[in-house]
$ cat structure-v7.cif   # mmCIF, N, CA and C atoms
data_protein
#
loop_
_atom_site.label_atom_id
_atom_site.label_comp_id
_atom_site.auth_asym_id
_atom_site.auth_seq_id
_atom_site.Cartn_x
_atom_site.Cartn_y
_atom_site.Cartn_z
N MET A 189 43.39 6.96 44.38
CA MET A 189 42.22 6.74 45.19
C MET A 189 40.99 7.40 44.55
N PHE A 190 41.16 8.65 44.15
CA PHE A 190 40.07 9.38 43.50
C PHE A 190 39.62 8.67 42.23
N MET A 191 40.56 8.18 41.42
CA MET A 191 40.24 7.50 40.16
C MET A 191 39.49 6.20 40.41
N ASN A 192 39.82 5.51 41.47
CA ASN A 192 39.11 4.27 41.81
C ASN A 192 37.65 4.56 42.15
N LYS A 193 37.41 5.63 42.89
CA LYS A 193 36.03 6.03 43.22
C LYS A 193 35.25 6.38 41.96
N VAL A 194 35.88 7.09 41.02
CA VAL A 194 35.24 7.47 39.76
C VAL A 194 34.90 6.21 38.96
N LYS A 195 35.82 5.26 38.90
CA LYS A 195 35.57 4.01 38.18
C LYS A 195 34.41 3.24 38.80
N GLN A 196 34.39 3.17 40.12
CA GLN A 196 33.31 2.47 40.81
C GLN A 196 31.96 3.14 40.53
N LEU A 197 31.94 4.46 40.59
CA LEU A 197 30.72 5.20 40.33
C LEU A 197 30.25 4.99 38.89
N LEU A 198 31.18 5.00 37.95
CA LEU A 198 30.86 4.78 36.54
C LEU A 198 30.28 3.38 36.33
N ILE A 199 30.83 2.39 36.98
CA ILE A 199 30.32 1.02 36.87
C ILE A 199 28.91 0.93 37.43
N VAL A 200 28.66 1.57 38.55
CA VAL A 200 27.31 1.56 39.14
C VAL A 200 26.31 2.23 38.20
N VAL A 201 26.67 3.36 37.63
CA VAL A 201 25.78 4.06 36.69
C VAL A 201 25.49 3.19 35.47
N LEU A 202 26.52 2.54 34.93
CA LEU A 202 26.32 1.67 33.77
C LEU A 202 25.42 0.49 34.09
N LEU A 203 25.58 -0.10 35.26
CA LEU A 203 24.73 -1.22 35.66
C LEU A 203 23.27 -0.78 35.81
N ILE A 204 23.06 0.37 36.40
CA ILE A 204 21.69 0.87 36.59
C ILE A 204 21.03 1.18 35.25
N THR A 205 21.74 1.89 34.38
CA THR A 205 21.14 2.27 33.10
C THR A 205 20.94 1.07 32.18
N SER A 206 21.78 0.06 32.29
CA SER A 206 21.59 -1.12 31.44
C SER A 206 20.39 -1.94 31.88
N ALA A 207 19.95 -1.77 33.12
CA ALA A 207 18.80 -2.50 33.63
C ALA A 207 17.48 -1.77 33.35
N LEU A 208 17.54 -0.52 32.93
CA LEU A 208 16.33 0.24 32.65
C LEU A 208 15.64 -0.29 31.39
N PRO A 209 14.32 -0.38 31.42
CA PRO A 209 13.61 -0.85 30.22
C PRO A 209 13.55 0.25 29.16
N PHE A 210 14.01 -0.05 27.97
CA PHE A 210 13.92 0.87 26.84
C PHE A 210 12.86 0.35 25.89
N PRO A 211 12.08 1.23 25.27
CA PRO A 211 11.06 0.74 24.34
C PRO A 211 11.71 -0.01 23.18
N ALA A 212 11.04 -1.08 22.77
CA ALA A 212 11.55 -1.86 21.65
C ALA A 212 11.45 -1.04 20.36
N ARG A 213 12.40 -1.22 19.50
CA ARG A 213 12.39 -0.52 18.21
C ARG A 213 11.24 -1.06 17.38
N ALA A 214 10.44 -0.17 16.81
CA ALA A 214 9.30 -0.58 15.99
C ALA A 214 9.79 -1.22 14.70
N GLU A 215 9.06 -2.23 14.27
CA GLU A 215 9.38 -2.90 13.01
C GLU A 215 9.01 -1.99 11.85
N ASN A 216 9.84 -1.98 10.83
CA ASN A 216 9.55 -1.16 9.65
C ASN A 216 8.40 -1.75 8.85
N LEU A 217 7.55 -0.89 8.34
CA LEU A 217 6.42 -1.28 7.51
C LEU A 217 6.89 -1.50 6.08
N TYR A 218 6.44 -2.59 5.46
CA TYR A 218 6.73 -2.77 4.05
C TYR A 218 5.55 -3.42 3.34
N ILE A 219 5.52 -3.24 2.02
CA ILE A 219 4.45 -3.72 1.14
C ILE A 219 5.03 -4.83 0.27
N ARG A 220 4.25 -5.88 0.05
CA ARG A 220 4.71 -6.97 -0.81
C ARG A 220 3.51 -7.67 -1.46
N ASN A 221 3.80 -8.61 -2.35
CA ASN A 221 2.79 -9.45 -3.01
C ASN A 221 1.73 -8.63 -3.74
N ILE A 222 2.14 -7.67 -4.52
CA ILE A 222 1.20 -6.82 -5.26
C ILE A 222 0.73 -7.57 -6.51
N GLU A 223 -0.58 -7.63 -6.69
CA GLU A 223 -1.17 -8.27 -7.86
C GLU A 223 -2.29 -7.42 -8.42
N ALA A 224 -2.34 -7.32 -9.75
CA ALA A 224 -3.44 -6.63 -10.45
C ALA A 224 -4.13 -7.67 -11.32
N THR A 225 -5.44 -7.85 -11.09
CA THR A 225 -6.20 -8.87 -11.78
C THR A 225 -7.44 -8.26 -12.43
N PRO A 226 -7.57 -8.36 -13.79
CA PRO A 226 -8.80 -7.87 -14.43
C PRO A 226 -9.97 -8.75 -13.99
N ILE A 227 -11.09 -8.12 -13.64
CA ILE A 227 -12.25 -8.91 -13.21
C ILE A 227 -13.47 -8.69 -14.09
N ASP A 228 -13.51 -7.59 -14.82
CA ASP A 228 -14.63 -7.31 -15.70
C ASP A 228 -14.23 -6.15 -16.59
N ASP A 229 -15.03 -5.86 -17.61
CA ASP A 229 -14.72 -4.71 -18.46
C ASP A 229 -14.62 -3.45 -17.61
N GLY A 230 -13.47 -2.79 -17.68
CA GLY A 230 -13.27 -1.54 -16.96
C GLY A 230 -13.02 -1.69 -15.49
N GLN A 231 -12.73 -2.93 -15.01
CA GLN A 231 -12.48 -3.14 -13.59
C GLN A 231 -11.24 -4.01 -13.38
N VAL A 232 -10.41 -3.60 -12.42
CA VAL A 232 -9.22 -4.36 -12.06
C VAL A 232 -9.15 -4.42 -10.54
N LYS A 233 -8.91 -5.64 -10.03
CA LYS A 233 -8.75 -5.83 -8.58
C LYS A 233 -7.26 -5.77 -8.27
N ILE A 234 -6.89 -4.95 -7.27
CA ILE A 234 -5.51 -4.83 -6.81
C ILE A 234 -5.43 -5.42 -5.40
N ASN A 235 -4.53 -6.39 -5.22
CA ASN A 235 -4.30 -7.02 -3.91
C ASN A 235 -2.86 -6.75 -3.50
N TRP A 236 -2.64 -6.65 -2.19
CA TRP A 236 -1.28 -6.55 -1.65
C TRP A 236 -1.32 -6.94 -0.18
N THR A 237 -0.14 -7.21 0.36
CA THR A 237 -0.03 -7.50 1.78
C THR A 237 0.98 -6.55 2.40
N THR A 238 0.85 -6.38 3.71
CA THR A 238 1.81 -5.61 4.49
C THR A 238 2.25 -6.48 5.67
N ASN A 239 3.42 -6.24 6.18
CA ASN A 239 3.92 -7.02 7.30
C ASN A 239 3.34 -6.58 8.64
N LEU A 240 2.74 -5.39 8.69
CA LEU A 240 2.11 -4.87 9.91
C LEU A 240 0.65 -4.55 9.63
N LEU A 241 -0.17 -4.56 10.65
CA LEU A 241 -1.54 -4.10 10.50
C LEU A 241 -1.50 -2.65 10.01
N SER A 242 -2.20 -2.37 8.92
CA SER A 242 -2.10 -1.03 8.33
C SER A 242 -3.36 -0.72 7.53
N ILE A 243 -3.46 0.54 7.13
CA ILE A 243 -4.45 0.96 6.14
C ILE A 243 -3.67 1.41 4.91
N GLY A 244 -4.34 1.50 3.79
CA GLY A 244 -3.63 1.91 2.59
C GLY A 244 -4.55 2.08 1.41
N GLY A 245 -3.95 2.19 0.25
CA GLY A 245 -4.74 2.37 -0.95
C GLY A 245 -3.86 2.38 -2.19
N VAL A 246 -4.52 2.65 -3.31
CA VAL A 246 -3.86 2.64 -4.61
C VAL A 246 -3.93 4.04 -5.22
N LEU A 247 -2.77 4.57 -5.60
CA LEU A 247 -2.67 5.81 -6.37
C LEU A 247 -2.48 5.37 -7.81
N TYR A 248 -3.29 5.91 -8.74
CA TYR A 248 -3.22 5.40 -10.12
C TYR A 248 -3.71 6.42 -11.13
N ASP A 249 -3.27 6.27 -12.36
CA ASP A 249 -3.80 6.97 -13.52
C ASP A 249 -3.01 6.53 -14.76
N GLU A 250 -3.29 7.18 -15.88
CA GLU A 250 -2.65 6.79 -17.13
C GLU A 250 -1.35 7.53 -17.43
N ASN A 251 -1.05 8.60 -16.70
CA ASN A 251 0.11 9.42 -17.07
C ASN A 251 1.11 9.64 -15.93
N GLN A 252 1.08 8.79 -14.94
CA GLN A 252 2.02 8.81 -13.82
C GLN A 252 1.99 10.08 -12.97
N THR A 253 0.84 10.75 -12.94
CA THR A 253 0.67 11.83 -11.97
C THR A 253 -0.07 11.31 -10.73
N TYR A 254 -0.61 10.11 -10.82
CA TYR A 254 -1.28 9.43 -9.72
C TYR A 254 -2.39 10.30 -9.12
N SER A 255 -3.23 10.81 -10.02
CA SER A 255 -4.28 11.74 -9.62
C SER A 255 -5.50 11.05 -9.03
N ASN A 256 -5.59 9.74 -9.13
CA ASN A 256 -6.72 8.99 -8.56
C ASN A 256 -6.23 8.19 -7.36
N TYR A 257 -7.09 8.11 -6.34
CA TYR A 257 -6.75 7.33 -5.15
C TYR A 257 -7.99 6.56 -4.70
N LEU A 258 -7.80 5.28 -4.43
CA LEU A 258 -8.85 4.47 -3.84
C LEU A 258 -8.24 3.74 -2.66
N GLY A 259 -8.77 4.01 -1.46
CA GLY A 259 -8.17 3.47 -0.25
C GLY A 259 -9.04 2.48 0.47
N THR A 260 -8.45 1.84 1.45
CA THR A 260 -9.17 0.93 2.33
C THR A 260 -9.27 1.58 3.70
N SER A 261 -10.34 1.31 4.41
CA SER A 261 -10.48 1.85 5.75
C SER A 261 -10.33 0.76 6.81
N VAL A 262 -10.10 -0.47 6.36
CA VAL A 262 -9.95 -1.60 7.28
C VAL A 262 -8.47 -1.78 7.63
N ILE A 263 -8.18 -1.87 8.90
CA ILE A 263 -6.81 -2.11 9.35
C ILE A 263 -6.57 -3.61 9.25
N ASN A 264 -5.59 -3.98 8.41
CA ASN A 264 -5.35 -5.40 8.14
C ASN A 264 -3.94 -5.57 7.58
N THR A 265 -3.55 -6.82 7.32
CA THR A 265 -2.29 -7.09 6.63
C THR A 265 -2.55 -7.54 5.19
N GLN A 266 -3.79 -7.92 4.88
CA GLN A 266 -4.16 -8.30 3.52
C GLN A 266 -5.15 -7.26 3.01
N HIS A 267 -4.84 -6.67 1.85
CA HIS A 267 -5.61 -5.54 1.36
C HIS A 267 -6.10 -5.80 -0.06
N GLU A 268 -7.25 -5.21 -0.38
CA GLU A 268 -7.83 -5.37 -1.72
C GLU A 268 -8.70 -4.16 -2.05
N VAL A 269 -8.53 -3.63 -3.25
CA VAL A 269 -9.43 -2.61 -3.77
C VAL A 269 -9.77 -2.98 -5.21
N THR A 270 -10.92 -2.52 -5.68
CA THR A 270 -11.31 -2.74 -7.07
C THR A 270 -11.43 -1.39 -7.75
N LEU A 271 -10.61 -1.19 -8.77
CA LEU A 271 -10.66 0.04 -9.56
C LEU A 271 -11.73 -0.14 -10.63
N VAL A 272 -12.60 0.85 -10.78
CA VAL A 272 -13.71 0.76 -11.73
C VAL A 272 -13.67 1.94 -12.70
N SER A 273 -14.47 1.87 -13.73
CA SER A 273 -14.58 2.92 -14.74
C SER A 273 -13.25 3.21 -15.43
N LEU A 274 -12.48 2.16 -15.65
CA LEU A 274 -11.20 2.31 -16.35
C LEU A 274 -11.45 2.39 -17.85
N LYS A 275 -10.53 3.02 -18.55
CA LYS A 275 -10.68 3.19 -20.00
C LYS A 275 -10.26 1.94 -20.76
N ASN A 276 -10.89 1.76 -21.91
CA ASN A 276 -10.64 0.67 -22.83
C ASN A 276 -9.22 0.75 -23.41
N ASN A 277 -8.52 -0.38 -23.52
CA ASN A 277 -7.20 -0.45 -24.15
C ASN A 277 -6.22 0.61 -23.65
N SER A 278 -6.06 0.71 -22.35
CA SER A 278 -5.20 1.74 -21.76
C SER A 278 -4.21 1.12 -20.78
N THR A 279 -3.04 1.74 -20.69
CA THR A 279 -2.05 1.34 -19.70
C THR A 279 -2.19 2.26 -18.49
N TYR A 280 -2.31 1.66 -17.32
CA TYR A 280 -2.42 2.41 -16.07
C TYR A 280 -1.16 2.17 -15.23
N TYR A 281 -0.72 3.22 -14.57
CA TYR A 281 0.41 3.17 -13.65
C TYR A 281 -0.16 3.28 -12.24
N PHE A 282 0.38 2.49 -11.32
CA PHE A 282 -0.14 2.58 -9.95
C PHE A 282 0.96 2.30 -8.93
N LYS A 283 0.72 2.84 -7.73
CA LYS A 283 1.58 2.62 -6.56
C LYS A 283 0.66 2.32 -5.39
N ILE A 284 1.14 1.48 -4.51
CA ILE A 284 0.42 1.19 -3.27
C ILE A 284 0.99 2.09 -2.18
N SER A 285 0.11 2.64 -1.37
CA SER A 285 0.55 3.41 -0.21
C SER A 285 -0.02 2.73 1.03
N ALA A 286 0.77 2.71 2.11
CA ALA A 286 0.32 2.09 3.35
C ALA A 286 0.81 2.91 4.54
N SER A 287 0.02 2.87 5.62
CA SER A 287 0.38 3.60 6.85
C SER A 287 0.09 2.74 8.07
N ALA A 288 1.05 2.76 9.00
CA ALA A 288 0.89 2.04 10.28
C ALA A 288 1.88 2.59 11.29
N ASN A 289 1.45 2.71 12.51
CA ASN A 289 2.34 3.11 13.62
C ASN A 289 3.17 4.35 13.31
N GLY A 290 2.55 5.34 12.68
CA GLY A 290 3.27 6.56 12.37
C GLY A 290 4.20 6.46 11.17
N GLN A 291 4.21 5.33 10.50
CA GLN A 291 5.04 5.15 9.30
C GLN A 291 4.16 5.20 8.06
N SER A 292 4.66 5.76 6.99
CA SER A 292 3.98 5.75 5.70
C SER A 292 4.98 5.32 4.64
N VAL A 293 4.57 4.38 3.79
CA VAL A 293 5.45 3.89 2.73
C VAL A 293 4.66 3.80 1.43
N GLN A 294 5.40 3.78 0.32
CA GLN A 294 4.80 3.57 -1.00
C GLN A 294 5.61 2.51 -1.73
N SER A 295 4.91 1.76 -2.56
CA SER A 295 5.58 0.74 -3.36
C SER A 295 6.23 1.38 -4.58
N PHE A 296 7.00 0.58 -5.29
CA PHE A 296 7.50 1.01 -6.58
C PHE A 296 6.32 1.08 -7.55
N VAL A 297 6.52 1.70 -8.68
CA VAL A 297 5.47 1.83 -9.69
C VAL A 297 5.25 0.48 -10.37
N SER A 298 3.99 0.13 -10.55
CA SER A 298 3.58 -1.06 -11.30
C SER A 298 2.63 -0.62 -12.40
N THR A 299 2.36 -1.50 -13.36
CA THR A 299 1.44 -1.17 -14.45
C THR A 299 0.48 -2.32 -14.70
N PHE A 300 -0.65 -1.99 -15.30
CA PHE A 300 -1.54 -2.99 -15.87
C PHE A 300 -2.16 -2.37 -17.11
N LYS A 301 -2.63 -3.22 -18.00
CA LYS A 301 -3.24 -2.76 -19.24
C LYS A 301 -4.65 -3.31 -19.31
N THR A 302 -5.59 -2.43 -19.62
CA THR A 302 -6.96 -2.88 -19.81
C THR A 302 -7.12 -3.43 -21.22
N GLY A 303 -8.05 -4.33 -21.38
CA GLY A 303 -8.28 -4.94 -22.69
C GLY A 303 -9.32 -4.18 -23.49
N THR A 304 -9.72 -4.81 -24.57
CA THR A 304 -10.80 -4.27 -25.40
C THR A 304 -12.11 -4.72 -24.76
N PHE A 305 -12.93 -3.76 -24.39
CA PHE A 305 -14.18 -4.08 -23.71
C PHE A 305 -15.20 -4.59 -24.71
N LYS A 306 -16.03 -5.49 -24.26
CA LYS A 306 -17.11 -6.05 -25.08
C LYS A 306 -18.41 -5.37 -24.69
N TYR A 307 -18.70 -4.24 -25.31
CA TYR A 307 -19.90 -3.50 -24.97
C TYR A 307 -21.13 -4.19 -25.56
N VAL A 308 -22.19 -4.17 -24.82
CA VAL A 308 -23.46 -4.71 -25.31
C VAL A 308 -24.19 -3.58 -26.02
N LYS A 309 -24.68 -3.86 -27.21
CA LYS A 309 -25.41 -2.83 -27.96
C LYS A 309 -26.74 -2.55 -27.28
N ASP A 310 -27.15 -1.30 -27.37
CA ASP A 310 -28.45 -0.92 -26.81
C ASP A 310 -29.56 -1.58 -27.60
N LEU A 311 -30.58 -2.01 -26.88
CA LEU A 311 -31.74 -2.61 -27.51
C LEU A 311 -32.62 -1.48 -28.03
N VAL A 312 -32.96 -1.53 -29.31
CA VAL A 312 -33.80 -0.50 -29.92
C VAL A 312 -35.13 -1.15 -30.28
N ILE A 313 -36.19 -0.57 -29.75
CA ILE A 313 -37.53 -1.08 -30.08
C ILE A 313 -38.18 -0.04 -30.98
N SER A 314 -38.67 -0.49 -32.11
CA SER A 314 -39.31 0.45 -33.05
C SER A 314 -40.61 -0.15 -33.55
N ASN A 315 -41.32 0.64 -34.29
CA ASN A 315 -42.62 0.25 -34.86
C ASN A 315 -43.61 -0.21 -33.80
N ILE A 316 -43.69 0.54 -32.72
CA ILE A 316 -44.65 0.21 -31.66
C ILE A 316 -45.99 0.82 -32.05
N ARG A 317 -47.06 0.02 -31.98
CA ARG A 317 -48.41 0.49 -32.35
C ARG A 317 -49.36 0.38 -31.23
#

$ encode --input "structure-v7.cif" --output "structure tokens"
Amino acid sequence: MFMNKVKQLLIVVLLITSALPFPARAENLYIRNIEATPIDDGQVKINWTTNLLSIGGVLYDENQTYSNYLGTSVINTQHEVTLVSLKNNSTYYFKISASANGQSVQSFVSTFKTGTFKYVKDLVISNIR
């Protein structure tokens, strides 16, 4: 008799707790579609997408210490930054970082190489009278 009461009580507790609303598990943030495109001498545009609305940026440099950072302040799923003042004929290493809903993630390391820049010679005016 006592065991039947315990079983009934356990069933009631299980029914009540199964009907309670639990918060949905948050979707994991991830980075994809990373592209590096040269746009001008010393400039490269980096694009990427995230599956959630997020902010992020690019950590980059020539020796994999990632001492430079350029971020976005717009919350979006499509992101773009333009790296400027890059060195001539150099290999750069970069990672994308993104943050959303208390999550922070980084991409794997990617690289791009800058080309030989076509500098314009300074105009020299002489023999002015």

$ closest_residue --input "structure-v7.cif" --among "A:Leu217, A:Asp229, A:Ser278, A:Thr237" --to "Phe305 in chain A" --atoms "all atoms listed in the file"
A:Asp229

$ resolve_selection --input "structure-v7.cif" --expression "the PyMOL selection byres ((chain A and resi 299) around 7)" --output "list of chain:residue names"
A:Thr279, A:Tyr280, A:Tyr281, A:Phe282, A:Val297, A:Ser298, A:Phe300, A:Lys301

$ write_last_selection --input "structure-v7.cif" --atoms "N, CA and C atoms" --output "CSV table (one decimal), in the frame of the given file"
chain,number,residue,atom,x,y,z
A,279,THR,N,-3.0,1.7,-20.7
A,279,THR,CA,-2.0,1.3,-19.7
A,279,THR,C,-2.2,2.3,-18.5
A,280,TYR,N,-2.3,1.7,-17.3
A,280,TYR,CA,-2.4,2.4,-16.1
A,280,TYR,C,-1.2,2.2,-15.2
A,281,TYR,N,-0.7,3.2,-14.6
A,281,TYR,CA,0.4,3.2,-13.6
A,281,TYR,C,-0.2,3.3,-12.2
A,282,PHE,N,0.4,2.5,-11.3
A,282,PHE,CA,-0.1,2.6,-10.0
A,282,PHE,C,1.0,2.3,-8.9
A,297,VAL,N,6.5,1.7,-8.7
A,297,VAL,CA,5.5,1.8,-9.7
A,297,VAL,C,5.2,0.5,-10.4
A,298,SER,N,4.0,0.1,-10.6
A,298,SER,CA,3.6,-1.1,-11.3
A,298,SER,C,2.6,-0.6,-12.4
A,300,PHE,N,-0.6,-2.0,-15.3
A,300,PHE,CA,-1.5,-3.0,-15.9
A,300,PHE,C,-2.2,-2.4,-17.1
A,301,LYS,N,-2.6,-3.2,-18.0
A,301,LYS,CA,-3.2,-2.8,-19.2
A,301,LYS,C,-4.6,-3.3,-19.3

$ closest_residue --input "structure-v7.cif" --among "A:Thr304, A:Ser242, A:Thr253, A:Asn216" --to "Gln266 in chain A" --atoms "only N, CA and C atoms"
A:Ser242

$ atom_distance --input "structure-v7.cif" --atom1 "CA of Thr238 in chain A" --atom2 "atom C of Ser292 in chain A"
11.4 Å

$ select_by_dssp --input "structure-v7.cif" --residues "range 217-252 of chain A" --states "strand (DSSP E)" --output "number ranges by chain"
A: 219-228, 231-249

$ residues_around --input "structure-v7.cif" --residues "Asn239 in chain A" --least-positions-apart "6" --cutoff "6 Å" --atoms "only N, CA and C atoms" --output "PyMOL selection string"
chain A and resi 217-219+265

$ atom_distance --input "structure-v7.cif" --atom1 "atom N of Gly245 in chain A" --atom2 "CA of Ser287 in chain A"
8.0 Å

$ resolve_selection --input "structure-v7.cif" --expression "the PyMOL selection byres ((chain A and resi 234) around 7)" --output "NGL selection string"
:A and (222-225 or 232-233 or 235-236 or 267-271)

$ atom_distance --input "structure-v7.cif" --atom1 "atom N of Asn256 in chain A" --atom2 "atom N of Leu240 in chain A"
24.8 Å

$ closest_residue --input "structure-v7.cif" --among "A:Val293, A:Ala286, A:Ile227, A:Ile243" --to "Ile263 in chain A" --atoms "only C-alpha atoms"
A:Ile243

$ resolve_selection --input "structure-v7.cif" --expression "the PyMOL selection byres ((chain A and resi 248) around 6)" --output "count of residues only"
11

$ axis_aligned_box --input "structure-v7.cif" --around "range 234-245 of chain A" --padding-each-side "3 Å" --output "lines of an AutoDock Vina configuration file"
center_x = -1.5
center_y = -2.6
center_z = 1.7
size_x = 16.8
size_y = 15.9
size_z = 23.9

$ residues_around --input "structure-v7.cif" --residues "range 273-277 of chain A" --least-positions-apart "5" --cutoff "5 Å" --atoms "all atoms listed in the file" --output "list in words"
Gly230, Thr302, Gly303 and Thr304 of chain A

$ decode --input "structure-v7.cif" --residues "range 207-263 of chain A" --atoms "C-alpha atoms" --output "mmCIF file, in the first residue's frame"
data_model
loop_
_atom_site.group_PDB
_atom_site.id
_atom_site.type_symbol
_atom_site.label_atom_id
_atom_site.label_comp_id
_atom_site.auth_asym_id
_atom_site.auth_seq_id
_atom_site.Cartn_x
_atom_site.Cartn_y
_atom_site.Cartn_z
ATOM 1 C CA ALA A 207 4.927 20.398 -18.091
ATOM 2 C CA LEU A 208 7.132 23.207 -16.740
ATOM 3 C CA PRO A 209 8.631 25.482 -19.405
ATOM 4 C CA PHE A 210 12.421 25.177 -19.588
ATOM 5 C CA PRO A 211 14.473 27.746 -21.502
ATOM 6 C CA ALA A 212 15.467 26.583 -24.957
ATOM 7 C CA ARG A 213 19.119 25.692 -25.390
ATOM 8 C CA ALA A 214 20.955 28.517 -27.148
ATOM 9 C CA GLU A 215 22.334 27.791 -30.591
ATOM 10 C CA ASN A 216 26.117 27.623 -30.780
ATOM 11 C CA LEU A 217 27.857 30.497 -32.554
ATOM 12 C CA TYR A 218 30.075 29.630 -35.489
ATOM 13 C CA ILE A 219 32.072 31.454 -38.187
ATOM 14 C CA ARG A 220 32.095 30.479 -41.864
ATOM 15 C CA ASN A 221 32.696 31.749 -45.423
ATOM 16 C CA ILE A 222 35.952 33.559 -44.642
ATOM 17 C CA GLU A 223 37.416 35.412 -47.629
ATOM 18 C CA ALA A 224 40.454 37.696 -47.979
ATOM 19 C CA THR A 225 40.418 39.909 -51.068
ATOM 20 C CA PRO A 226 43.171 42.400 -52.051
ATOM 21 C CA ILE A 227 41.549 45.712 -52.973
ATOM 22 C CA ASP A 228 44.479 48.110 -53.335
ATOM 23 C CA ASP A 229 48.173 48.403 -52.545
ATOM 24 C CA GLY A 230 48.517 47.655 -48.844
ATOM 25 C CA GLN A 231 44.809 46.895 -48.343
ATOM 26 C CA VAL A 232 42.918 43.623 -47.983
ATOM 27 C CA LYS A 233 39.187 43.211 -47.381
ATOM 28 C CA ILE A 234 38.213 40.352 -45.031
ATOM 29 C CA ASN A 235 34.618 39.040 -45.184
ATOM 30 C CA TRP A 236 32.952 36.355 -43.078
ATOM 31 C CA THR A 237 29.532 35.258 -41.917
ATOM 32 C CA THR A 238 28.185 34.011 -38.601
ATOM 33 C CA ASN A 239 25.079 31.943 -37.977
ATOM 34 C CA LEU A 240 23.908 34.316 -35.201
ATOM 35 C CA LEU A 241 23.747 38.085 -34.955
ATOM 36 C CA SER A 242 27.165 38.973 -33.563
ATOM 37 C CA ILE A 243 30.037 41.422 -33.434
ATOM 38 C CA GLY A 244 33.583 40.476 -34.263
ATOM 39 C CA GLY A 245 36.851 41.334 -35.866
ATOM 40 C CA VAL A 246 40.145 40.202 -37.309
ATOM 41 C CA LEU A 247 43.291 39.425 -35.290
ATOM 42 C CA TYR A 248 46.300 39.571 -37.624
ATOM 43 C CA ASP A 249 50.024 40.114 -38.126
ATOM 44 C CA GLU A 250 53.052 38.644 -39.875
ATOM 45 C CA ASN A 251 54.372 36.388 -37.091
ATOM 46 C CA GLN A 252 51.293 34.691 -35.610
ATOM 47 C CA THR A 253 51.219 36.698 -32.390
ATOM 48 C CA TYR A 254 48.036 38.395 -33.659
ATOM 49 C CA SER A 255 49.090 41.741 -32.232
ATOM 50 C CA ASN A 256 46.748 43.751 -34.486
ATOM 51 C CA TYR A 257 42.966 43.800 -34.180
ATOM 52 C CA LEU A 258 40.350 45.485 -36.335
ATOM 53 C CA GLY A 259 36.765 44.951 -35.243
ATOM 54 C CA THR A 260 33.234 45.720 -36.281
ATOM 55 C CA SER A 261 30.748 47.467 -34.034
ATOM 56 C CA VAL A 262 27.678 46.487 -36.070
ATOM 57 C CA ILE A 263 25.681 43.496 -34.864
#
